[in-house]
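What follows is a single structure, written as C-alpha cells, with notes after it.
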Amino acid sequence: MAEAADFSVDFYYRMRKSLAGRKSRDTKRREEQASRANSQPFEAGRSPVSVSNSIDSLLKSFSWESQISEADLFNQWAKIVGDQNSLNSTPEHINKGQLVVRCKSTAWATQLRLMQGQILQRINQEYPLLEITTLKFVGPDAPSWKKGPLSVPGRGPRDTYG
C-alpha cells in the first residue's frame, strides 16, 4: 500500500513538472533527500583535498592563471631587467602578446629597446603562460594642454616639445 502511495505522489509531481515546465519546491526537496540517502562516506570525491590543490583547481576553473602570472611579472620586474632599469621603467599592461613598458625618459626607453631581445627571452623563460611576443617601450606622456570642459580644436602649442 505504501508503494502505491509513493508511486501516485511521484506520478503527480512528475506530471506537474512536465505541465508547468519547472520543479516544485517539494519535488526539489524530495530529490535532494534521495541524493543524500544514496551518499556513502567513502565514495569517490569525498576524500580530503589539500589547500594548494583546491587553489590550483580554482585558478584553472576561473582562468585566473594568466592574470596571476601577469601580476607576478609586474611585481618581479626588477628581477627581470635589473634594479637600475626597474627604477626607471614600469610595465603597464599586456595586450595581444605585447607588453607595454612606460619609461621615465626617452633615453631609458632607447636603452631598454637595445636590451629588448634579452628581456623578451627572460620573460618567456620565466612566464611562458603569458605568451609575450613583442615589447613596446614608451617614454613619458606629454602634459595635456586641455583645461576645462571646453577646448578649441587645433594643434595647440607647437614649439614646447620639439
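Labels used: A, B, ... for chains in the order of the C-alpha cells, numbers from 1 for residues in each chain, and numbers from 1 for ligands as shown.
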All alpha helix (DSSP H) residues (DSSP, backbone) inside chain A, as number ranges by chain:
A: 2-20, 25-37, 51-61, 65-75, 77-81, 83-87, 106-114, 116-126
Go ahead and save the residues from that selection, with C-alpha atoms, as a tab-separated table (two decimals), in the first residue's frame.
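The resulting out.tsv:
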```
chain	number	residue	atom	x	y	z
A	2	ALA	CA	2.87	2.39	0.84
A	3	GLU	CA	4.44	1.71	-2.56
A	4	ALA	CA	1.21	2.66	-4.34
A	5	ALA	CA	1.06	5.93	-2.38
A	6	ASP	CA	4.69	6.75	-3.23
A	7	PHE	CA	4.06	5.90	-6.87
A	8	SER	CA	1.00	8.12	-7.02
A	9	VAL	CA	2.80	11.03	-5.34
A	10	ASP	CA	5.78	10.66	-7.70
A	11	PHE	CA	3.44	10.41	-10.67
A	12	TYR	CA	1.61	13.55	-9.56
A	13	TYR	CA	4.81	15.58	-9.19
A	14	ARG	CA	6.24	14.36	-12.48
A	15	MET	CA	3.07	15.33	-14.31
A	16	ARG	CA	3.05	18.69	-12.56
A	17	LYS	CA	6.66	19.26	-13.57
A	18	SER	CA	6.01	18.34	-17.20
A	19	LEU	CA	2.98	20.64	-17.40
A	20	ALA	CA	4.47	23.58	-15.50
A	25	ARG	CA	9.64	23.08	-4.01
A	26	ASP	CA	8.51	19.66	-2.75
A	27	THR	CA	10.00	17.90	-5.79
A	28	LYS	CA	13.34	19.64	-5.28
A	29	ARG	CA	13.32	18.71	-1.58
A	30	ARG	CA	12.44	15.07	-2.33
A	31	GLU	CA	15.21	14.78	-4.98
A	32	GLU	CA	17.72	16.30	-2.57
A	33	GLN	CA	16.75	13.82	0.15
A	34	ALA	CA	17.04	10.93	-2.30
A	35	SER	CA	20.51	12.03	-3.37
A	36	ARG	CA	21.60	12.32	0.28
A	37	ALA	CA	20.17	8.90	1.10
A	51	VAL	CA	44.57	23.69	0.10
A	52	SER	CA	47.17	24.06	-2.66
A	53	ASN	CA	45.30	21.62	-4.91
A	54	SER	CA	42.00	23.36	-4.31
A	55	ILE	CA	43.52	26.78	-5.06
A	56	ASP	CA	45.14	25.43	-8.24
A	57	SER	CA	41.84	23.97	-9.41
A	58	LEU	CA	40.07	27.25	-8.55
A	59	LEU	CA	42.59	29.25	-10.59
A	60	LYS	CA	42.18	26.87	-13.54
A	61	SER	CA	38.40	26.83	-13.42
A	65	GLU	CA	46.39	31.70	-14.14
A	66	SER	CA	47.39	34.25	-16.78
A	67	GLN	CA	46.26	37.15	-14.58
A	68	ILE	CA	48.30	35.78	-11.68
A	69	SER	CA	51.31	35.39	-13.98
A	70	GLU	CA	50.88	38.95	-15.24
A	71	ALA	CA	50.74	40.32	-11.70
A	72	ASP	CA	53.81	38.28	-10.78
A	73	LEU	CA	55.69	39.65	-13.82
A	74	PHE	CA	54.83	43.22	-12.81
A	75	ASN	CA	55.94	42.56	-9.21
A	77	TRP	CA	60.10	43.43	-12.92
A	78	ALA	CA	63.33	44.34	-11.04
A	79	LYS	CA	64.42	40.69	-11.13
A	80	ILE	CA	63.96	40.56	-14.90
A	81	VAL	CA	65.52	43.86	-16.02
A	83	ASP	CA	67.47	47.23	-10.28
A	84	GLN	CA	68.61	50.34	-12.16
A	85	ASN	CA	66.39	49.65	-15.17
A	86	SER	CA	63.38	48.84	-12.98
A	87	LEU	CA	63.72	52.16	-11.16
A	106	THR	CA	63.00	58.58	-23.94
A	107	ALA	CA	66.67	57.85	-23.19
A	108	TRP	CA	65.65	55.00	-20.88
A	109	ALA	CA	63.17	53.75	-23.49
A	110	THR	CA	66.01	53.65	-26.03
A	111	GLN	CA	68.32	51.90	-23.57
A	112	LEU	CA	65.70	49.20	-22.90
A	113	ARG	CA	64.97	48.84	-26.63
A	114	LEU	CA	68.62	47.90	-27.07
A	116	GLN	CA	64.80	44.05	-25.90
A	117	GLY	CA	65.97	40.60	-27.06
A	118	GLN	CA	67.43	39.69	-23.68
A	119	ILE	CA	64.40	40.98	-21.77
A	120	LEU	CA	61.95	39.15	-24.03
A	121	GLN	CA	63.92	35.90	-23.70
A	122	ARG	CA	63.98	36.23	-19.90
A	123	ILE	CA	60.24	36.97	-19.71
A	124	ASN	CA	59.36	33.98	-21.90
A	125	GLN	CA	61.65	31.77	-19.85
A	126	GLU	CA	60.13	32.86	-16.51
```
Using backbone DSSP assignments, extract all strand (DSSP E) residues from chain A; output them as a list in words.
Ser89, Thr90, Pro91, Glu92, His93, Ile94, Asn95, Gln98, Leu99, Val100, Val101, Arg102, Cys103, Thr134, Leu135, Lys136, Phe137 and Val138 of chain A
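Using only C-alpha atoms, the contacts of Lys136 of chain A at a cut-off of 8 Å, with sequence neighbours closer than 3 positions omitted, comprise Gln98, Leu99, Val100 and Val101 of chain A.
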At what distance in Å, to one decimal, does atom CA of Pro143 of chain A lie from atom CA of His93 of chain A?
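It comes out at 20.9 Å.
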Could you check which of A:Gln76, A:Lys104, A:Pro153, A:Gly97 is closest to Asp141 of chain A, using only C-alpha atoms?
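The closest residue to Asp141 of chain A is A:Lys104.
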